[in-house]
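Notes for the one structure printed next.
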Amino acid sequence: CKDEIETPTAPGNETAGIDLGISNFAAVAYSTEDADLYPGNRLKQDGYYFPKEIAKCDNSGGERATRLHHKWSERRTHFFHSLAKHIVQRCVEKSVGRINVGDLEGVRKDEDGDSKNWGRHGNLDLHGWAFDRFTSILTYKAKVEGIEVVEVSERDTSKTCCVCGREDDGQRVERGLYVCESCDAAFNADVNGAENIRLGINKESNSESAPGLGRDRSTGWLAQPGVYLYDLSCGFQPQREVVDCKP
């Protein structure tokens, strides 16, 4: 169902950056020196549970298998809509007028064009994650609020320090930890990627309001972002408040 609307005024001129991934489905960095993490645990759980249940069906095209596929798809769609809605709401609060999303074209291929091997579980996650579908949902929800969504290159964003600009494959020492040997900064690796994505378009457009690389700024928010967990009954809630939405 499509409905033409008048383009609303953007909430502000700030820019947010989103790094999409598997462990954390989305990491969002804001120009207000704030960041949020959205773990993909619920998608992972469904991605392991439903294929196993479908495999137990005597007929892969039968009624039970079809019902399981449908339920799995609905749960994933609800996750995407809830996540996009929450991010857009946060962007409105922070006067964001543009969202930079990492362009994941080629994420399933290596430099030689061959399929990447992320391990048995990693391959299930990677090939089951509908990143482009989420970006599409985010785009139209943001448009309703007057926010533009732009896909920008993710090239080198995961291995470049967003504080000093040093580029080194070895600086991402763990899945969730990034340590820069040049400026001694240590912060969440996904948030570092999101901040680099946010800065990318600002550097191209020479925005004076954007903090550039090398600026003396605290890395506390980069190391300790807010974490929002997904609950089927109440959507995304701060990690400390999820237990409160249980009946």
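Residue numbering restarts at 1 for every chain of the structure tokens, chains are lettered A, B, ... in their displayed order, and ligands are numbered from 1 as they appear.
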Which residues are near Asn24 (chain A)? Cut-off 7 Å, only C-alpha atoms, ignore same chain within fewer than 3 positions. Put them as a PyMOL selection string. chain A and resi 21+27+37-40
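The space between CA of Val28 (chain A) and CA of Ala194 (chain A) spans 5.8 Å.
Of the residues listed (A:Phe50, A:Phe134, A:Trp221, A:Trp72), A:Phe134 shows the shortest atom-to-atom separation from Ile18 (chain A); distances use only C-alpha atoms.
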What parts of region 144-190 of chain A does DSSP call helix (DSSP H, G or I)? I'd like the answer as a list in words.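 So the helix (DSSP H, G or I) residues in region 144-190 of chain A would be Val144, Asp169, Gly170, Gln171, Ala189 and Asp190 of chain A.
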